[in-house]
Amino acid sequence: MKKICSVFMICLLSACASQETQPTAEVVERSIGADEGAAAEGSGLATGGPTFHALQDPDSILSQRSVYYDYDSYTVKNEYRELVLAHARFLRDNPNADVLLQGNTDERGSREYNLALGQRRADSVKNMMTLAGARDAQIESVSLGEEKPRTTGHDESSWAENRRTDILYHGE
Amino acid sequence: MLICSRHFSHWLFFLLVWWLCKPLNAALDIEIFGGGATQIPIAIAPFAAESRLPQSITSIVAADLQRSGLFRMVDSAGLAPHNPVDVVYADWANRGAGALVIGETNVLPDGQIEIRFYLMDVAKRIQLTSLITTVSTAQLRAVAHRIADIVFEALTGNKGVFSSRIAYVMKQGENYALQVADADGFNAQSMIEYPEPIISPAWSPDGSKIAYVSFANKKPVVYVQTVATGERRIVANFKGSNSAPAWSPDGEKLAVVLTTQGNSQIFLINADGGGLQRLTRSAGIDTEPSFSPDGRSIIFTSDRGGSPQIYRMAITETASGVAERLTFEGNYNVSPDYSRDGKSFTFIHRHNNQFNVAVQDIATRQMQILTKSQFDESPSFAPNDMMILYATEIGGRGILSAVSRDGQTRQQLTIQIGDIREPVWGPLPGLQ
């Protein structure tokens, strides 16, 4: 059934593509959420050396993946420094690991400004990681702005939850 | 058997396409609040034989004029002139009407409808203007908007915008539709639908195309779509984020915001995707460009001073000019849109945790807050600069609203289903 579904999806995608004119530029960024399975094959994570288990180990700081921000701010707060630096060291020590950093904002204010603010949030984590020894090529920072909220409430606790950079490892 | 299963899969495939592409249907309701200090009293007599038409013309004319906040409807009950010679001016003067709309409709043998409309000045006892035209039933709404435009211009001296169109994004469930509708919210049609977010639609100056940002490629990419044909193509898909398209007044270029060189910065790109040129150079966020009507400068949002504020910068062929800060009140001023006359801009101003529509005069720097709601977003001027269309929120759901330039009149377009955001008012149809 899964196979049939995917065949239909491919038909559908090619049908949609043929309805448009040719894009002038190629899609340059890979997508992580769309094909995590495919990403896992090429990644060192799927083979799972002992160090990689630390990423899922609830006792390890590496299992923590979200950096939260104050309203209007993209500064990584002191309480998240250790978390970011632990991931930076992990990337430094595991050159075939790589991460996607997704910056998010709460729903208030301009969507375009929030898109830019989310980018700065992701970039703030990326900068801290590269300064701590991770390589630039291991880290991709993108913004989802306010478009993909984790919680959809319209209150302070929901907003705080959505002001966030997520650290996603390829192949998990 | 092979053929049979192929047919079956084709059928299933089309069913799937139909299911994924079926329009997000919705009708809009309109509510009007407040009104201008001086309203023109106008009587609109039902046109002769109008009740036989599938669509009343005069009710649309009345609704259009009322929405502007500049007109007060005078009761026409009991009086029904359809021709200038039938008008007894004293009757209308007694009811307090300053102007009178009358007319006739006539269904022709081929099904077309002949419409005769006259605008009368009750005080001067003269005919101000008229229109005689023949249309199909499908064009009845359009001709009613045209009549409202003629009345509006004759009595206020300003261009009417009732024949113009708006674009906005509707979210319904997990689907996003870029829709185009008449200025009164009717005739909504989806230009494109995606299961991923769409933001920042922008009309080309001639109204033939809409630029927008789609997340369909898992990241923001700028597309341009032709309204009439639905043909679309990518204009900006560089490494990183591509967003905030704004058309130059000649329609040949777009200002876009890219992160390809680091921070979100404003670039100029040809409408065909070539000729990239960087416009701003700051260490912070520069976004939401809007061109001055002469095309010689842009206003935009930047946090270079520590908080998001609105700046203006001249555009030259060779180098980027120095950015001049325009807003100083509060620590959050975003989403600027230049007025068509180039004298002011509208934007979102935050104060006391409220996000409101404001306007600022460019020369005097005088700022005025126009709304009292909680979460207003993406304001844009009507093509005659007299109203500002924006998104706001009621009960956690996005709706469209419009406020007059003086803040006196507000109209609200609500929808039964879905969530509306990112509205933008298109140009006058005469320019198409």
# chains A, B, ... in the order shown; residues from 1 in each chain; ligands from 1
call {"tool": "residues_around", "arguments": {"residues": "Thr226 (chain B)", "least_positions_apart": "6", "cutoff": "7 Å", "atoms": "only C-alpha atoms", "output": "list of chain:residue names"}}
result
B:Ser208, B:Lys209, B:Ile210, B:Arg232
call {"tool": "interface_residues", "arguments": {"of": "chain B", "to": "chain A", "cutoff": "6 Å", "atoms": "only C-alpha atoms", "output": "ChimeraX atom specification"}}
result
/B:233-234,237,239,264
call {"tool": "write_last_selection", "arguments": {"atoms": "all heavy atoms", "output": "compact mmCIF listing (two decimals), in the first residue's frame"}}
result
# COMPACT_ATOMS: atom_id res chain seq x y z
N ARG B 233 6.47 31.12 -12.24
CA ARG B 233 7.87 30.70 -12.28
C ARG B 233 8.63 31.29 -11.11
O ARG B 233 8.21 32.26 -10.49
CB ARG B 233 8.52 31.06 -13.61
CG ARG B 233 8.33 32.48 -13.99
CD ARG B 233 8.70 32.66 -15.46
NE ARG B 233 8.72 34.07 -15.76
CZ ARG B 233 9.71 34.87 -15.43
NH1 ARG B 233 10.76 34.41 -14.81
NH2 ARG B 233 9.65 36.15 -15.70
N ILE B 234 9.77 30.66 -10.85
CA ILE B 234 10.61 31.09 -9.73
C ILE B 234 11.41 32.32 -10.14
O ILE B 234 11.98 32.36 -11.23
CB ILE B 234 11.54 29.94 -9.31
CG1 ILE B 234 10.73 28.83 -8.63
CG2 ILE B 234 12.63 30.44 -8.38
CD1 ILE B 234 11.51 27.58 -8.35
N ASN B 237 15.52 31.97 -5.99
CA ASN B 237 15.71 30.74 -5.23
C ASN B 237 17.20 30.55 -5.00
O ASN B 237 17.83 29.65 -5.54
CB ASN B 237 15.11 29.55 -5.99
CG ASN B 237 15.24 28.26 -5.21
OD1 ASN B 237 15.54 28.27 -4.02
ND2 ASN B 237 15.04 27.13 -5.87
N LYS B 239 20.60 30.25 -2.32
CA LYS B 239 20.91 29.54 -1.08
C LYS B 239 20.35 30.33 0.10
O LYS B 239 20.49 31.55 0.14
CB LYS B 239 22.42 29.38 -0.94
CG LYS B 239 22.85 28.54 0.23
CD LYS B 239 24.36 28.31 0.21
CE LYS B 239 24.79 27.34 1.28
NZ LYS B 239 24.55 27.86 2.64
N SER B 264 19.66 38.74 6.51
CA SER B 264 18.57 39.12 5.60
C SER B 264 18.84 40.52 5.07
O SER B 264 18.84 41.49 5.84
CB SER B 264 17.24 39.11 6.35
OG SER B 264 16.98 37.83 6.87
call {"tool": "atom_distance", "arguments": {"atom1": "CA of Gly157 (chain B)", "atom2": "CA of His145 (chain B)"}}
result
16.8 Å
call {"tool": "residues_around", "arguments": {"residues": "region 63-67 of chain A", "least_positions_apart": "4", "cutoff": "12 Å", "atoms": "only C-alpha atoms", "output": "PyMOL selection string"}}
result
chain A and resi 52-59+74-87+90+99-105+118+121-122+124-126+150+160-169+172
call {"tool": "write_last_selection", "arguments": {"atoms": "C-alpha atoms", "output": "PDB file, in the first residue's frame"}}
result
ATOM      1  CA  PHE A  52      25.960   8.674  18.411  1.00  0.00           C
ATOM      2  CA  HIS A  53      23.809   7.013  21.039  1.00  0.00           C
ATOM      3  CA  ALA A  54      24.533  10.014  23.210  1.00  0.00           C
ATOM      4  CA  LEU A  55      22.245  12.042  20.958  1.00  0.00           C
ATOM      5  CA  GLN A  56      19.274  10.004  22.131  1.00  0.00           C
ATOM      6  CA  ASP A  57      20.459   9.324  25.675  1.00  0.00           C
ATOM      7  CA  PRO A  58      18.075  11.199  27.977  1.00  0.00           C
ATOM      8  CA  ASP A  59      20.891  11.591  30.513  1.00  0.00           C
ATOM      9  CA  TYR A  74      18.007  36.375  19.134  1.00  0.00           C
ATOM     10  CA  THR A  75      20.671  36.243  21.860  1.00  0.00           C
ATOM     11  CA  VAL A  76      21.470  32.732  23.097  1.00  0.00           C
ATOM     12  CA  LYS A  77      20.841  32.958  26.829  1.00  0.00           C
ATOM     13  CA  ASN A  78      23.479  31.754  29.278  1.00  0.00           C
ATOM     14  CA  GLU A  79      21.320  28.822  30.357  1.00  0.00           C
ATOM     15  CA  TYR A  80      21.569  27.379  26.803  1.00  0.00           C
ATOM     16  CA  ARG A  81      25.320  27.935  26.334  1.00  0.00           C
ATOM     17  CA  GLU A  82      26.299  24.482  27.650  1.00  0.00           C
ATOM     18  CA  LEU A  83      23.710  22.811  25.412  1.00  0.00           C
ATOM     19  CA  VAL A  84      24.941  24.599  22.277  1.00  0.00           C
ATOM     20  CA  LEU A  85      28.608  24.044  23.148  1.00  0.00           C
ATOM     21  CA  ALA A  86      27.993  20.309  23.786  1.00  0.00           C
ATOM     22  CA  HIS A  87      26.509  19.973  20.272  1.00  0.00           C
ATOM     23  CA  PHE A  90      29.952  16.654  19.173  1.00  0.00           C
ATOM     24  CA  VAL A  99      22.777  19.440  11.648  1.00  0.00           C
ATOM     25  CA  LEU A 100      19.936  21.588  10.472  1.00  0.00           C
ATOM     26  CA  LEU A 101      19.154  24.551  12.724  1.00  0.00           C
ATOM     27  CA  GLN A 102      15.562  25.775  12.405  1.00  0.00           C
ATOM     28  CA  GLY A 103      14.809  29.206  13.854  1.00  0.00           C
ATOM     29  CA  ASN A 104      11.229  29.972  14.916  1.00  0.00           C
ATOM     30  CA  THR A 105       9.308  32.930  16.336  1.00  0.00           C
ATOM     31  CA  GLY A 118      14.053  33.260  13.020  1.00  0.00           C
ATOM     32  CA  ARG A 121      18.072  32.937  15.952  1.00  0.00           C
ATOM     33  CA  ALA A 122      19.324  29.954  13.953  1.00  0.00           C
ATOM     34  CA  SER A 124      23.186  32.835  16.549  1.00  0.00           C
ATOM     35  CA  VAL A 125      23.394  29.118  17.388  1.00  0.00           C
ATOM     36  CA  LYS A 126      25.416  28.425  14.237  1.00  0.00           C
ATOM     37  CA  ARG A 150       4.977  23.922  17.696  1.00  0.00           C
ATOM     38  CA  ALA A 160       7.538  31.258  24.691  1.00  0.00           C
ATOM     39  CA  GLU A 161       7.510  27.674  23.388  1.00  0.00           C
ATOM     40  CA  ASN A 162       7.577  28.936  19.789  1.00  0.00           C
ATOM     41  CA  ARG A 163      10.526  31.338  20.254  1.00  0.00           C
ATOM     42  CA  ARG A 164      13.025  28.613  19.574  1.00  0.00           C
ATOM     43  CA  THR A 165      15.878  27.182  17.545  1.00  0.00           C
ATOM     44  CA  ASP A 166      15.716  23.422  17.025  1.00  0.00           C
ATOM     45  CA  ILE A 167      18.825  21.334  16.442  1.00  0.00           C
ATOM     46  CA  LEU A 168      18.049  18.453  14.056  1.00  0.00           C
ATOM     47  CA  TYR A 169      20.693  15.882  13.153  1.00  0.00           C
ATOM     48  CA  GLU A 172      17.902  10.626  12.951  1.00  0.00           C
TER      49      GLU A 172
END
call {"tool": "atom_distance", "arguments": {"atom1": "CA of Thr133 (chain B)", "atom2": "CA of Ile113 (chain B)"}}
result
8.3 Å
call {"tool": "atom_distance", "arguments": {"atom1": "CA of Leu79 (chain B)", "atom2": "CA of Ala148 (chain B)"}}
result
20.8 Å
call {"tool": "select_by_dssp", "arguments": {"residues": "region 74-284 of chain B", "states": "helix (DSSP H, G or I)", "output": "list in words"}}
result
Pro84, Val85, Asp86, Tyr89, Ala90, Asp91, Trp92, Ala93, Asn94, Thr137, Ala138, Gln139, Leu140, Arg141, Ala142, Val143, Ala144, His145, Arg146, Ile147, Ala148, Asp149, Ile150, Val151, Phe152, Glu153, Ala154, Leu155 and Thr156 of chain B
call {"tool": "residues_around", "arguments": {"residues": "Gln189 (chain B)", "least_positions_apart": "6", "cutoff": "7 Å", "atoms": "only C-alpha atoms", "output": "mmCIF file with all heavy atoms, in the first residue's frame"}}
result
data_model
loop_
_atom_site.group_PDB
_atom_site.id
_atom_site.type_symbol
_atom_site.label_atom_id
_atom_site.label_comp_id
_atom_site.auth_asym_id
_atom_site.auth_seq_id
_atom_site.Cartn_x
_atom_site.Cartn_y
_atom_site.Cartn_z
ATOM 1 N N GLN B 179 -5.397 33.749 -2.845
ATOM 2 C CA GLN B 179 -6.655 34.052 -3.511
ATOM 3 C C GLN B 179 -6.691 35.493 -4.000
ATOM 4 O O GLN B 179 -6.080 36.384 -3.402
ATOM 5 C CB GLN B 179 -7.841 33.822 -2.568
ATOM 6 C CG GLN B 179 -7.978 32.358 -2.173
ATOM 7 C CD GLN B 179 -9.372 31.998 -1.697
ATOM 8 O OE1 GLN B 179 -10.009 32.780 -1.002
ATOM 9 N NE2 GLN B 179 -9.852 30.829 -2.078
ATOM 10 N N VAL B 180 -7.431 35.687 -5.081
ATOM 11 C CA VAL B 180 -7.690 37.013 -5.625
ATOM 12 C C VAL B 180 -9.199 37.213 -5.573
ATOM 13 O O VAL B 180 -9.956 36.306 -5.913
ATOM 14 C CB VAL B 180 -7.167 37.106 -7.074
ATOM 15 C CG1 VAL B 180 -7.667 38.363 -7.747
ATOM 16 C CG2 VAL B 180 -5.647 37.063 -7.094
ATOM 17 N N ALA B 181 -9.647 38.380 -5.099
ATOM 18 C CA ALA B 181 -11.082 38.644 -4.999
ATOM 19 C C ALA B 181 -11.351 40.094 -5.386
ATOM 20 O O ALA B 181 -10.427 40.916 -5.441
ATOM 21 C CB ALA B 181 -11.573 38.403 -3.567
#
call {"tool": "residues_around", "arguments": {"residues": "region 172-178 of chain B", "least_positions_apart": "6", "cutoff": "7 Å", "atoms": "only C-alpha atoms", "output": "list in words"}}
result
Ser190, Met191, Ile192, Glu193, Tyr194, Pro195, Glu196, Pro197, Ile198, Gly418 and Asp419 of chain B
call {"tool": "select_by_dssp", "arguments": {"residues": "region 103-205 of chain B", "states": "strand (DSSP E)", "output": "ChimeraX atom specification"}}
result
/B:103-107,113-121,126-135,165-172,175-182,189-194,198-203
call {"tool": "write_last_selection", "arguments": {"atoms": "C-alpha atoms", "output": "PDB file, in the first residue's frame"}}
result
ATOM      1  CA  GLY B 103     -31.495  53.928 -13.951  1.00  0.00           C
ATOM      2  CA  GLU B 104     -33.119  51.316 -16.100  1.00  0.00           C
ATOM      3  CA  THR B 105     -32.339  47.754 -17.088  1.00  0.00           C
ATOM      4  CA  ASN B 106     -33.557  45.994 -20.164  1.00  0.00           C
ATOM      5  CA  VAL B 107     -33.043  42.322 -21.051  1.00  0.00           C
ATOM      6  CA  ILE B 113     -28.667  43.320 -20.421  1.00  0.00           C
ATOM      7  CA  GLU B 114     -28.798  46.973 -21.374  1.00  0.00           C
ATOM      8  CA  ILE B 115     -28.158  49.286 -18.437  1.00  0.00           C
ATOM      9  CA  ARG B 116     -28.813  53.025 -18.331  1.00  0.00           C
ATOM     10  CA  PHE B 117     -27.576  54.862 -15.267  1.00  0.00           C
ATOM     11  CA  TYR B 118     -27.868  58.574 -14.383  1.00  0.00           C
ATOM     12  CA  LEU B 119     -26.382  60.555 -11.499  1.00  0.00           C
ATOM     13  CA  MET B 120     -28.433  63.655 -10.581  1.00  0.00           C
ATOM     14  CA  ASP B 121     -27.397  66.661  -8.492  1.00  0.00           C
ATOM     15  CA  ILE B 126     -28.934  68.861 -13.124  1.00  0.00           C
ATOM     16  CA  GLN B 127     -27.651  65.555 -14.443  1.00  0.00           C
ATOM     17  CA  LEU B 128     -24.010  65.102 -13.450  1.00  0.00           C
ATOM     18  CA  THR B 129     -23.103  62.046 -15.473  1.00  0.00           C
ATOM     19  CA  SER B 130     -24.514  58.905 -17.049  1.00  0.00           C
ATOM     20  CA  LEU B 131     -23.549  55.514 -18.410  1.00  0.00           C
ATOM     21  CA  ILE B 132     -25.274  53.412 -21.038  1.00  0.00           C
ATOM     22  CA  THR B 133     -23.811  49.967 -21.524  1.00  0.00           C
ATOM     23  CA  THR B 134     -24.726  46.396 -22.458  1.00  0.00           C
ATOM     24  CA  VAL B 135     -23.351  43.493 -20.446  1.00  0.00           C
ATOM     25  CA  ARG B 165      -9.081  43.601  -6.688  1.00  0.00           C
ATOM     26  CA  ILE B 166      -7.364  42.347  -3.569  1.00  0.00           C
ATOM     27  CA  ALA B 167      -5.137  39.343  -2.946  1.00  0.00           C
ATOM     28  CA  TYR B 168      -4.665  37.478   0.323  1.00  0.00           C
ATOM     29  CA  VAL B 169      -3.707  34.098   1.712  1.00  0.00           C
ATOM     30  CA  MET B 170      -6.360  31.812   3.152  1.00  0.00           C
ATOM     31  CA  LYS B 171      -5.387  28.975   5.452  1.00  0.00           C
ATOM     32  CA  GLN B 172      -7.919  26.210   5.703  1.00  0.00           C
ATOM     33  CA  ASN B 175      -3.858  24.030   3.142  1.00  0.00           C
ATOM     34  CA  TYR B 176      -2.800  27.492   2.062  1.00  0.00           C
ATOM     35  CA  ALA B 177      -4.441  29.260  -0.896  1.00  0.00           C
ATOM     36  CA  LEU B 178      -3.347  32.473  -2.556  1.00  0.00           C
ATOM     37  CA  GLN B 179      -6.655  34.052  -3.511  1.00  0.00           C
ATOM     38  CA  VAL B 180      -7.690  37.013  -5.625  1.00  0.00           C
ATOM     39  CA  ALA B 181     -11.082  38.644  -4.999  1.00  0.00           C
ATOM     40  CA  ASP B 182     -13.026  41.779  -5.883  1.00  0.00           C
ATOM     41  CA  GLN B 189     -10.570  32.574  -6.754  1.00  0.00           C
ATOM     42  CA  SER B 190      -7.543  30.539  -5.771  1.00  0.00           C
ATOM     43  CA  MET B 191      -4.426  31.311  -7.781  1.00  0.00           C
ATOM     44  CA  ILE B 192      -2.484  28.490  -6.206  1.00  0.00           C
ATOM     45  CA  GLU B 193      -2.934  26.085  -3.303  1.00  0.00           C
ATOM     46  CA  TYR B 194      -0.232  24.366  -1.298  1.00  0.00           C
ATOM     47  CA  ILE B 198       2.383  31.145   1.385  1.00  0.00           C
ATOM     48  CA  ILE B 199       3.244  34.700   2.491  1.00  0.00           C
ATOM     49  CA  SER B 200       3.844  38.196   1.147  1.00  0.00           C
ATOM     50  CA  PRO B 201       1.783  38.448  -2.061  1.00  0.00           C
ATOM     51  CA  ALA B 202       2.587  41.587  -4.101  1.00  0.00           C
ATOM     52  CA  TRP B 203       0.723  42.871  -7.188  1.00  0.00           C
TER      53      TRP B 203
END
call {"tool": "residues_around", "arguments": {"residues": "Phe375 (chain B)", "least_positions_apart": "4", "cutoff": "8 Å", "atoms": "only C-alpha atoms", "output": "ChimeraX atom specification"}}
result
/A:108-109 /B:354-356,392-393
call {"tool": "closest_residue", "arguments": {"among": "A:Asp70, A:His170, A:Asn127, A:Arg89", "to": "Glu156 (chain A)", "atoms": "only C-alpha atoms"}}
result
A:Asp70
call {"tool": "residues_around", "arguments": {"residues": "Ile315 (chain B)", "least_positions_apart": "6", "cutoff": "12 Å", "atoms": "only C-alpha atoms", "output": "ChimeraX atom specification"}}
result
/B:248,255,266-268,277-280,289-292,294-299,321-323
